[in-house]
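As provided, entry-v7.txt (compact mmCIF, C-alpha atoms) reads as follows.
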# COMPACT_ATOMS: atom_id res chain seq x y z
CA MET F 1 -93.33 72.71 -119.61
CA THR F 2 -95.82 74.69 -121.63
CA ALA F 3 -93.50 77.70 -121.94
CA THR F 4 -90.80 75.73 -123.75
CA ARG F 5 -93.20 74.01 -126.12
CA PRO F 6 -92.75 75.12 -129.77
CA ARG F 7 -95.76 76.59 -131.49
CA ALA F 8 -98.03 73.98 -133.04
CA TYR F 9 -99.31 74.36 -136.58
CA ARG F 10 -103.10 74.58 -136.75
CA GLN F 11 -104.43 72.60 -139.69
CA ALA F 12 -107.14 74.65 -141.35
CA VAL F 13 -110.42 72.98 -142.33
CA PRO F 14 -110.93 73.71 -146.05
CA ARG F 15 -114.11 75.64 -146.83
CA LEU F 16 -115.32 72.89 -149.15
CA TRP F 17 -114.46 70.02 -146.78
CA TRP F 18 -117.97 68.63 -147.21
CA LEU F 19 -117.33 67.89 -150.88
CA ARG F 20 -114.36 65.66 -150.09
CA ARG F 21 -116.32 62.57 -149.15
CA ARG F 22 -119.71 61.16 -150.10
CA SER F 23 -120.65 60.68 -146.45
CA TYR F 24 -119.79 64.33 -145.70
CA LEU F 25 -121.93 65.51 -148.63
CA LEU F 26 -124.89 63.34 -147.56
CA PHE F 27 -124.50 64.72 -144.06
CA MET F 28 -124.62 68.31 -145.32
CA LEU F 29 -127.68 67.54 -147.46
CA ARG F 30 -129.36 66.06 -144.40
CA GLU F 31 -128.55 69.19 -142.41
CA LEU F 32 -129.96 71.30 -145.27
CA SER F 33 -133.15 69.21 -145.27
CA CYS F 34 -134.25 70.95 -142.04
CA VAL F 35 -134.94 74.10 -144.09
CA PHE F 36 -137.39 72.14 -146.23
CA VAL F 37 -138.95 70.51 -143.18
CA ALA F 38 -139.59 74.04 -141.87
CA TRP F 39 -141.05 75.00 -145.27
CA ALA F 40 -143.40 71.99 -145.18
CA VAL F 41 -144.62 73.02 -141.72
CA LEU F 42 -145.13 76.62 -142.85
CA PHE F 43 -147.03 75.43 -145.95
CA LEU F 44 -149.30 73.28 -143.79
CA LEU F 45 -149.96 76.18 -141.39
CA LEU F 46 -150.81 78.49 -144.30
CA LEU F 47 -153.18 75.83 -145.62
CA LEU F 48 -154.90 75.51 -142.23
CA LYS F 49 -155.20 79.29 -141.92
CA ALA F 50 -156.74 79.51 -145.41
CA VAL F 51 -159.22 76.73 -144.62
CA GLY F 52 -160.12 78.47 -141.37
CA ASN F 53 -160.74 81.76 -143.16
CA GLY F 54 -163.40 80.26 -145.41
CA HIS F 55 -164.01 79.39 -149.02
CA VAL F 56 -162.61 82.54 -150.69
CA ASP F 57 -159.31 82.36 -148.83
CA TYR F 58 -159.02 78.65 -149.49
CA GLN F 59 -159.52 79.16 -153.24
CA ARG F 60 -156.87 81.91 -153.17
CA PHE F 61 -154.48 79.53 -151.39
CA LEU F 62 -155.11 76.82 -153.98
CA GLU F 63 -154.34 79.27 -156.81
CA TRP F 64 -151.13 80.33 -155.06
CA ALA F 65 -150.13 76.69 -154.42
CA ALA F 66 -150.64 75.90 -158.12
CA LYS F 67 -148.05 78.48 -159.19
CA PRO F 68 -145.11 76.81 -160.93
CA TRP F 69 -142.51 78.05 -158.44
CA VAL F 70 -144.53 76.84 -155.44
CA ILE F 71 -144.92 73.43 -157.10
CA ALA F 72 -141.18 73.37 -157.84
CA VAL F 73 -140.30 74.22 -154.24
CA ASN F 74 -142.72 71.57 -153.00
CA VAL F 75 -141.23 68.89 -155.28
CA VAL F 76 -137.73 69.70 -153.98
CA ALA F 77 -139.09 69.80 -150.43
CA LEU F 78 -140.69 66.38 -150.88
CA ALA F 79 -137.38 64.91 -152.08
CA PHE F 80 -135.55 66.39 -149.06
CA LEU F 81 -138.28 65.24 -146.65
CA VAL F 82 -138.10 61.67 -147.96
CA PHE F 83 -134.30 61.79 -147.65
CA HIS F 84 -134.66 63.15 -144.12
CA ALA F 85 -137.12 60.40 -143.17
CA VAL F 86 -135.07 57.58 -144.70
CA THR F 87 -131.84 58.64 -142.95
CA TRP F 88 -133.81 59.03 -139.73
CA PHE F 89 -135.17 55.48 -140.01
CA ASN F 90 -131.72 54.12 -140.81
CA LEU F 91 -130.47 55.71 -137.61
CA ALA F 92 -133.05 53.92 -135.46
CA PRO F 93 -131.18 50.61 -134.99
CA LYS F 94 -128.07 52.56 -133.94
CA ALA F 95 -130.01 54.32 -131.19
CA MET F 96 -132.07 51.30 -130.11
CA VAL F 97 -130.33 48.18 -128.98
CA ILE F 98 -133.09 45.77 -128.03
CA ARG F 99 -132.12 42.58 -126.31
CA VAL F 100 -134.38 39.58 -126.65
CA PRO F 101 -135.32 38.38 -123.13
CA LYS F 102 -133.61 35.16 -122.04
CA GLN F 103 -136.94 33.37 -121.55
CA MET F 104 -137.88 34.08 -125.16
CA LEU F 105 -134.49 32.93 -126.46
CA ALA F 106 -135.00 29.67 -124.61
CA VAL F 107 -138.31 28.85 -126.27
CA ALA F 108 -137.72 30.38 -129.73
CA PRO F 109 -136.75 28.05 -132.61
CA LYS F 110 -132.96 27.53 -132.88
CA ALA F 111 -132.95 28.69 -136.52
CA ILE F 112 -134.22 32.13 -135.45
CA VAL F 113 -131.99 32.44 -132.37
CA ARG F 114 -128.90 31.76 -134.51
CA ARG F 115 -129.75 34.76 -136.66
CA LEU F 116 -129.94 37.19 -133.74
CA PRO F 117 -126.70 39.16 -133.35
CA GLU F 118 -125.66 38.50 -129.73
CA GLY F 119 -129.26 37.89 -128.68
CA ARG F 120 -130.38 41.29 -129.97
CA VAL F 121 -133.17 42.23 -132.34
CA PRO F 122 -131.41 42.66 -135.73
CA GLY F 123 -131.12 46.19 -137.08
CA TRP F 124 -133.05 45.54 -140.28
CA LEU F 125 -136.10 44.46 -138.26
CA ILE F 126 -136.07 47.74 -136.30
CA VAL F 127 -135.80 49.70 -139.57
CA ALA F 128 -138.59 47.61 -141.10
CA GLN F 129 -140.92 48.38 -138.17
CA ASN F 130 -140.38 52.09 -138.77
CA TYR F 131 -141.27 51.74 -142.44
CA ILE F 132 -144.36 49.67 -141.60
CA ALA F 133 -145.47 52.34 -139.10
CA TRP F 134 -144.85 55.01 -141.77
CA VAL F 135 -147.00 53.17 -144.32
CA CYS F 136 -149.78 52.60 -141.74
CA VAL F 137 -149.88 56.23 -140.61
CA SER F 138 -149.84 57.40 -144.25
CA ALA F 139 -152.69 55.01 -145.07
CA ILE F 140 -154.75 56.30 -142.13
CA VAL F 141 -154.16 59.93 -143.14
CA ALA F 142 -154.96 59.17 -146.78
CA GLY F 143 -158.07 57.28 -145.67
CA LEU F 144 -159.23 60.21 -143.48
CA VAL F 145 -158.69 62.71 -146.30
CA MET F 146 -160.54 60.58 -148.85
CA TRP F 147 -163.34 59.68 -146.43
CA SER F 148 -163.91 63.30 -145.48
CA GLY F 149 -163.73 64.36 -149.12
CA SER F 150 -166.39 61.92 -150.32
CA MET T 1 -93.87 43.93 -157.90
CA ALA T 2 -91.66 47.01 -157.76
CA GLU T 3 -88.96 46.82 -155.13
CA THR T 4 -89.48 50.25 -153.68
CA ILE T 5 -92.37 52.61 -153.02
CA THR T 6 -92.37 56.38 -152.54
CA LEU T 7 -93.58 57.89 -149.28
CA LEU T 8 -94.70 61.52 -149.41
CA VAL T 9 -94.30 62.48 -145.78
CA THR T 10 -95.45 65.73 -144.17
CA ARG T 11 -92.57 67.49 -142.45
CA TYR T 12 -93.01 70.41 -140.08
CA ARG T 13 -90.08 71.90 -138.20
CA PRO T 14 -91.55 74.73 -136.10
CA ASP T 15 -88.13 76.25 -135.39
CA THR T 16 -87.32 76.80 -139.08
CA GLU T 17 -90.60 76.53 -141.02
CA ALA T 18 -93.80 78.57 -140.93
CA GLU T 19 -95.90 75.74 -142.36
CA PRO T 20 -95.61 72.05 -143.19
CA THR T 21 -93.83 70.82 -146.32
CA ILE T 22 -93.75 67.45 -148.07
CA ALA T 23 -90.64 65.27 -148.20
CA GLU T 24 -90.19 62.35 -150.56
CA TYR T 25 -88.59 59.10 -149.40
CA GLU T 26 -88.01 55.89 -151.32
CA VAL T 27 -88.47 52.84 -149.09
CA PRO T 28 -88.37 49.10 -149.79
CA LEU T 29 -91.78 47.68 -150.74
CA ARG T 30 -92.08 44.45 -148.83
CA LYS T 31 -95.17 42.33 -148.42
CA ASP T 32 -94.86 42.30 -144.64
CA TRP T 33 -94.13 46.01 -144.25
CA ALA T 34 -96.68 48.41 -142.84
CA VAL T 35 -96.48 52.18 -143.37
CA LEU T 36 -94.86 52.35 -139.93
CA ASP T 37 -92.08 50.00 -141.09
CA GLY T 38 -91.50 52.36 -144.01
CA LEU T 39 -91.23 55.32 -141.61
CA ASN T 40 -88.86 53.38 -139.36
CA HIS T 41 -86.72 52.67 -142.43
CA VAL T 42 -86.65 56.41 -143.19
CA LYS T 43 -85.70 57.22 -139.61
CA ASP T 44 -83.00 54.52 -139.41
CA GLN T 45 -81.49 54.79 -142.88
CA LEU T 46 -82.44 58.02 -144.66
CA ASP T 47 -83.31 60.87 -142.30
CA GLY T 48 -82.97 60.55 -138.56
CA THR T 49 -84.75 63.86 -137.94
CA LEU T 50 -88.21 62.55 -138.87
CA SER T 51 -90.55 62.59 -135.86
CA TYR T 52 -93.60 60.38 -135.36
CA ARG T 53 -95.25 58.45 -132.54
CA TRP T 54 -95.32 54.69 -132.31
CA SER T 55 -94.93 51.97 -129.75
CA CYS T 56 -96.44 48.50 -129.99
CA ARG T 57 -96.57 47.83 -133.78
CA MET T 58 -99.65 45.67 -133.28
CA GLY T 59 -102.70 47.93 -133.12
CA ILE T 60 -103.00 47.99 -129.35
CA CYS T 61 -101.23 51.10 -128.07
CA GLY T 62 -103.04 53.57 -130.33
CA SER T 63 -100.08 55.91 -130.77
CA CYS T 64 -99.31 55.59 -134.49
CA GLY T 65 -102.49 57.09 -135.96
CA MET T 66 -101.78 59.08 -139.13
CA THR T 67 -103.55 60.18 -142.27
CA VAL T 68 -102.55 57.68 -144.94
CA ASN T 69 -103.66 58.63 -148.44
CA GLY T 70 -106.31 60.88 -146.97
CA GLU T 71 -107.77 58.33 -144.53
CA PRO T 72 -107.18 58.20 -140.78
CA ARG T 73 -105.39 54.89 -140.19
CA LEU T 74 -103.10 53.14 -137.73
CA SER T 75 -99.78 53.19 -139.59
CA CYS T 76 -98.80 49.86 -138.01
CA ALA T 77 -101.90 48.15 -139.40
CA THR T 78 -101.82 49.70 -142.87
CA PHE T 79 -99.65 47.77 -145.29
CA LEU T 80 -97.59 49.43 -148.00
CA THR T 81 -98.70 46.87 -150.60
CA GLU T 82 -102.24 48.30 -150.33
CA PHE T 83 -100.96 51.42 -152.12
CA ALA T 84 -98.56 49.83 -154.65
CA PRO T 85 -97.17 51.14 -156.93
CA GLY T 86 -97.47 54.29 -154.84
CA PRO T 87 -96.80 56.98 -153.91
CA VAL T 88 -98.23 56.90 -150.38
CA ARG T 89 -99.13 60.18 -148.71
CA VAL T 90 -98.39 60.10 -144.99
CA GLU T 91 -99.75 63.10 -143.09
CA PRO T 92 -100.44 63.87 -139.45
CA LEU T 93 -103.93 63.17 -138.08
CA ALA T 94 -106.34 65.82 -139.35
CA ASN T 95 -108.18 68.13 -136.91
CA PHE T 96 -105.24 68.28 -134.46
CA PRO T 97 -102.50 70.93 -134.27
CA ILE T 98 -99.16 69.63 -135.58
CA VAL T 99 -96.34 69.74 -133.03
CA ARG T 100 -93.64 68.43 -135.38
CA ASP T 101 -93.69 66.34 -138.57
CA LEU T 102 -96.28 63.59 -137.94
CA VAL T 103 -96.67 64.30 -134.23
CA VAL T 104 -99.91 66.04 -133.25
CA ASP T 105 -100.94 67.80 -130.07
CA ILE T 106 -103.38 65.50 -128.26
CA ASP T 107 -103.83 67.67 -125.16
CA ASP T 108 -107.41 68.50 -126.12
CA PHE T 109 -108.44 64.85 -126.08
CA LEU T 110 -106.53 64.15 -122.88
CA ARG T 111 -108.30 67.11 -121.25
CA LYS T 112 -111.74 65.91 -122.35
CA LEU T 113 -111.35 62.22 -121.58
CA PRO T 114 -111.39 62.42 -117.73
CA THR T 115 -114.48 64.67 -117.79
CA VAL T 116 -116.61 61.62 -118.67
CA LYS T 117 -115.11 59.64 -115.75
CA PRO T 118 -113.98 56.66 -117.82
CA TRP T 119 -113.60 54.37 -114.84
CA ILE T 120 -115.95 52.34 -112.67
CA VAL T 121 -117.70 54.70 -110.29
CA ARG T 122 -119.11 53.19 -107.09
CA HIS T 123 -121.16 55.08 -104.57
CA VAL T 124 -121.77 52.12 -102.28
CA ASP T 125 -118.84 49.85 -101.59
CA TRP T 126 -118.85 46.81 -99.39
CA VAL T 127 -115.36 45.37 -99.37
CA GLU T 128 -116.47 42.29 -97.46
CA ASP T 129 -118.79 41.39 -100.33
CA GLY T 130 -115.74 40.54 -102.43
CA GLU T 131 -115.31 41.22 -106.13
CA TYR T 132 -118.16 42.38 -108.38
CA LEU T 133 -119.43 39.44 -110.35
CA GLN T 134 -120.65 39.81 -113.89
CA THR T 135 -122.43 37.42 -116.22
CA PRO T 136 -121.28 37.01 -119.85
CA ASP T 137 -124.46 38.83 -120.91
CA GLU T 138 -123.67 41.78 -118.67
CA GLN T 139 -120.17 41.87 -120.06
CA SER T 140 -121.33 41.77 -123.67
CA ALA T 141 -123.47 44.87 -123.02
CA TYR T 142 -120.35 47.08 -122.98
CA LYS T 143 -117.52 44.90 -124.31
CA GLN T 144 -117.48 46.40 -127.80
CA TYR T 145 -116.91 49.91 -126.39
CA SER T 146 -114.11 48.67 -124.15
CA MET T 147 -112.04 47.88 -127.24
CA CYS T 148 -111.20 51.60 -127.70
CA ILE T 149 -107.44 52.22 -127.71
CA ASN T 150 -107.61 56.05 -127.61
CA CYS T 151 -105.95 56.31 -131.02
CA MET T 152 -108.07 59.35 -131.93
CA LEU T 153 -108.67 58.25 -135.51
CA CYS T 154 -112.37 58.96 -134.86
CA TYR T 155 -111.59 62.58 -133.92
CA SER T 156 -109.58 62.90 -137.10
CA ALA T 157 -112.47 61.50 -139.18
CA CYS T 158 -115.16 63.64 -137.48
CA PRO T 159 -116.02 66.82 -139.42
CA VAL T 160 -117.96 68.16 -136.43
CA TYR T 161 -114.80 68.04 -134.32
CA GLY T 162 -112.88 69.68 -137.17
CA VAL T 163 -115.29 72.59 -137.36
CA ASP T 164 -116.09 72.81 -133.63
CA PRO T 165 -113.11 71.74 -131.49
CA ASP T 166 -115.18 72.11 -128.31
CA PHE T 167 -117.21 69.01 -129.26
CA LEU T 168 -116.58 66.28 -126.68
CA GLY T 169 -115.95 63.85 -129.52
CA PRO T 170 -116.64 60.22 -130.45
CA ALA T 171 -114.14 58.26 -128.34
CA ALA T 172 -114.86 60.12 -125.08
CA ILE T 173 -118.61 59.53 -125.48
CA ALA T 174 -118.12 55.87 -126.47
CA LEU T 175 -115.97 55.39 -123.38
CA ALA T 176 -118.59 57.06 -121.21
CA GLN T 177 -121.09 54.54 -122.59
CA ARG T 178 -118.61 51.73 -121.95
CA TYR T 179 -118.90 52.49 -118.22
CA ASN T 180 -122.57 53.52 -118.23
CA LEU T 181 -123.47 50.10 -119.64
CA ASP T 182 -121.26 48.23 -117.16
CA SER T 183 -123.37 46.43 -114.54
CA ARG T 184 -120.73 47.21 -111.87
CA ASP T 185 -120.84 50.97 -112.49
CA GLN T 186 -122.99 53.49 -110.60
CA GLY T 187 -121.73 56.66 -112.27
CA ALA T 188 -124.24 57.19 -115.08
CA ALA T 189 -125.77 60.20 -113.28
CA ASP T 190 -122.29 61.69 -112.71
CA ARG T 191 -121.59 61.55 -116.45
CA LEU T 192 -124.97 62.93 -117.45
CA ASP T 193 -124.16 66.66 -117.29
CA VAL T 194 -121.08 66.41 -119.50
CA LEU T 195 -122.81 64.13 -121.99
CA ILE T 196 -126.05 66.13 -122.36
CA HIS T 197 -124.16 69.42 -122.70
CA PRO T 198 -124.67 71.00 -126.17
CA GLU T 199 -121.03 70.12 -126.88
CA GLY T 200 -121.69 66.56 -125.69
CA VAL T 201 -123.86 64.05 -127.54
CA TRP T 202 -126.02 66.81 -129.04
CA GLY T 203 -123.00 68.18 -130.87
CA CYS T 204 -122.98 65.00 -132.95
CA THR T 205 -124.93 65.16 -136.20
CA PHE T 206 -124.40 61.49 -137.05
CA VAL T 207 -122.04 61.66 -139.97
CA GLY T 208 -120.90 58.15 -139.04
CA GLU T 209 -117.29 58.54 -140.19
CA CYS T 210 -115.98 57.83 -136.66
CA THR T 211 -117.35 54.31 -136.83
CA ARG T 212 -115.87 53.72 -140.28
CA ALA T 213 -112.47 55.02 -139.14
CA CYS T 214 -112.31 52.97 -135.92
CA PRO T 215 -109.65 50.26 -136.24
CA LYS T 216 -111.14 48.29 -133.34
CA GLY T 217 -114.81 48.09 -134.41
CA VAL T 218 -116.05 50.22 -131.53
CA ASP T 219 -118.92 52.09 -133.28
CA PRO T 220 -118.77 55.44 -131.45
CA ALA T 221 -121.56 56.78 -133.71
CA GLY T 222 -123.86 54.05 -132.39
CA ALA T 223 -122.84 54.81 -128.80
CA ILE T 224 -123.69 58.48 -129.27
CA GLN T 225 -127.10 57.81 -130.85
CA ARG T 226 -127.91 55.37 -128.05
CA TYR T 227 -127.02 57.96 -125.46
CA LYS T 228 -129.14 60.59 -127.22
CA LEU T 229 -132.12 58.27 -126.76
CA THR T 230 -131.21 57.71 -123.10
CA ALA T 231 -130.82 61.46 -122.54
CA ALA T 232 -134.12 62.23 -124.28
CA MET T 233 -135.92 59.62 -122.16
CA GLN T 234 -134.39 61.15 -119.01
CA SER T 235 -135.66 64.59 -120.01
CA VAL T 236 -139.15 63.26 -120.73
CA ARG T 237 -139.18 61.40 -117.42
CA ALA T 238 -138.06 64.55 -115.57
CA LEU T 239 -140.88 66.48 -117.24
CA VAL T 240 -143.61 63.91 -116.62
CA LEU T 241 -142.43 62.73 -113.21
CA PRO T 242 -140.59 65.75 -111.75
CA TRP T 243 -140.58 64.22 -108.26
CA SER T 244 -138.51 61.20 -109.32
CA ALA T 245 -134.92 62.42 -109.33
CA ARG T 246 -132.38 61.07 -111.83

Would you put the structure from the file into structure tokens?
Amino acid sequence: MTATRPRAYRQAVPRLWWLRRRSYLLFMLRELSCVFVAWAVLFLLLLLKAVGNGHVDYQRFLEWAAKPWVIAVNVVALAFLVFHAVTWFNLAPKAMVIRVPKQMLAVAPKAIVRRLPEGRVPGWLIVAQNYIAWVCVSAIVAGLVMWSGS
Amino acid sequence: MAETITLLVTRYRPDTEAEPTIAEYEVPLRKDWAVLDGLNHVKDQLDGTLSYRWSCRMGICGSCGMTVNGEPRLSCATFLTEFAPGPVRVEPLANFPIVRDLVVDIDDFLRKLPTVKPWIVRHVDWVEDGEYLQTPDEQSAYKQYSMCINCMLCYSACPVYGVDPDFLGPAAIALAQRYNLDSRDQGAADRLDVLIHPEGVWGCTFVGECTRACPKGVDPAGAIQRYKLTAAMQSVRALVLPWSAR
């Protein structure tokens, strides 16, 4: 069978395929964001090393971090990190399908039960929990930094 | 409304051509005509040499997937009026080798599909117990994934599959989940190795186009993300509790 089959034409993927569709472009940007995540980790490690080395090193780090190009890279990195986090949170309801237990459905008000898609926790609620957790963790970190600074 | 619409159809005749060309056909524009009806008109009235796959005309058989104006669509469920006044580009499904005209080589998918054992696997069978009963809730856990008709529009929409043809792909993983989530099935562990392979679920980078392309509302992207979570939990459990096997 295979021997008599005519040769098939392989459709080439154009080099700029990722510019063809908005979703492809967003996907490529999200892939690219990992570089900036790595940069953020490296920056944090350098900061910790400088702090560990004492006052002089820390001051030198601060001067370096205040350079315009470092600030520029950090601003871009922040934008990519936020994009990374938001797309990650939006993914959560796809990965987590949480069914509301039957016993709870039985006692919950009808108006709420009607809004549950097939007895599942709605996606927006799962996303919202992620954002709430994000805000809480950020608040704790900010609180720690400010408390230790004062 | 104009009475005709132009179809720009990809032709590829491997015996005489080195690469595909585009042929222009004028077909009647009727409210009740899908792109497939237009192609059938070409085949019956204008050029009998045009090759394409089709069977049921009602979005069930999954054979008439094509790229219509750049989007992977079922040609039987895509109406010509959507593109009036035209022209309508009709190309073979992207990401697959073209055998002839609009017919693509689907061997790759057919080779991958059985590797996820898309059937109910039972390790313990008691015939005398009768049929396996299932509650509506248990059925709804997998029903959405069982709507897949193997039309491969998701493979055509997936850029990961386009760039890396070894990727297991959306439909095969969604079908694996269809059986993994079935209360009658005991084969989840048998499917694990294929699914957690780097070319399995981890090949997916969640572009999400497979779900948008699916004509049956299956959501393969969701199935893959769900399995990633399952696979990650399995790995963590194996690390923390090494004595408890799969």

I need the residue nearest T:Asn150 from this list: T:Ala232, T:Ile60, T:Val103, T:Val68. Use only C-alpha atoms for the distance.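 So, comparing all the options, the nearest one is T:Ile60.
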
With the cut-off set at 6 Å and counting all atoms listed in the file, tabulate each residue of chain T with an atom at most that distance from an atom of chain F, showing the nearest atom pair and its distance in Å to one decimal, ordered by chain and increasing number, as a Markdown table.
| residue | atom | partner | partner_atom | distance |
| --- | --- | --- | --- | --- |
| T:Pro97 | CA | F:Arg10 | CA | 4.5 |
| T:Ile98 | CA | F:Tyr9 | CA | 4.8 |
| T:Val99 | CA | F:Ala8 | CA | 4.6 |
| T:Val207 | CA | F:Phe27 | CA | 5.7 |
| T:Gly222 | CA | F:Lys94 | CA | 4.7 |
| T:Gln225 | CA | F:Ala95 | CA | 4.6 |
| T:Arg226 | CA | F:Ala95 | CA | 3.9 |

Quick one: write out the picked residues with C-alpha atoms as a PDB file, in the frame of the given file?
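Below is the file that was written, part_24.pdb:
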ATOM      1  CA  PRO T  97    -102.500  70.930-134.270  1.00  0.00           C
ATOM      2  CA  ILE T  98     -99.160  69.630-135.580  1.00  0.00           C
ATOM      3  CA  VAL T  99     -96.340  69.740-133.030  1.00  0.00           C
ATOM      4  CA  VAL T 207    -122.040  61.660-139.970  1.00  0.00           C
ATOM      5  CA  GLY T 222    -123.860  54.050-132.390  1.00  0.00           C
ATOM      6  CA  GLN T 225    -127.100  57.810-130.850  1.00  0.00           C
ATOM      7  CA  ARG T 226    -127.910  55.370-128.050  1.00  0.00           C
TER       8      ARG T 226
END

Using atom CA of T:Val90 and atom CA of T:Lys31 as the two end points, give the distance in Å to one decimal.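 Distance reported for this atom pair: 18.4 Å.
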
So what do you get for atom CA of T:Pro118 versus atom CA of T:Leu153, distance-wise? 18.5 Å

Atom CA of T:Leu93 to atom CA of T:Thr81, straight-line distance in Å: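 So the two atoms, atom CA of T:Thr81 and atom CA of T:Leu93, lie 21.2 Å apart.
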
Give me, as a ChimeraX atom specification, all polymer residues having an atom no more than 9 Å from stretch 81-86 of chain F, counting all atoms listed in the file and skipping those fewer than 4 positions away in the same chain. /F:29-31,33-34,36-37,40,76-77,90-91,131

Deliver the residues from the most recent selection as a file, using C-alpha atoms, as a compact mmCIF listing (two decimals), in the coordinates of the input.
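And here's part.txt as it stands now:
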# COMPACT_ATOMS: atom_id res chain seq x y z
CA LEU F 29 -127.68 67.54 -147.46
CA ARG F 30 -129.36 66.06 -144.40
CA GLU F 31 -128.55 69.19 -142.41
CA SER F 33 -133.15 69.21 -145.27
CA CYS F 34 -134.25 70.95 -142.04
CA PHE F 36 -137.39 72.14 -146.23
CA VAL F 37 -138.95 70.51 -143.18
CA ALA F 40 -143.40 71.99 -145.18
CA VAL F 76 -137.73 69.70 -153.98
CA ALA F 77 -139.09 69.80 -150.43
CA ASN F 90 -131.72 54.12 -140.81
CA LEU F 91 -130.47 55.71 -137.61
CA TYR F 131 -141.27 51.74 -142.44

Here is a test: counting all atoms listed in the file, which residue of T:Phe206, T:Trp243, T:Phe79, T:Tyr12 is nearest to T:Leu39? T:Phe79

Box dimensions and centre (Å, one decimal) enclosing stretch 157-165 of chain T, axis-aligned, 4 Å extra per side, as JSON:
{"center_x": -115.2, "center_y": 67.2, "center_z": -135.5, "size_x": 13.5, "size_y": 19.3, "size_z": 15.9}
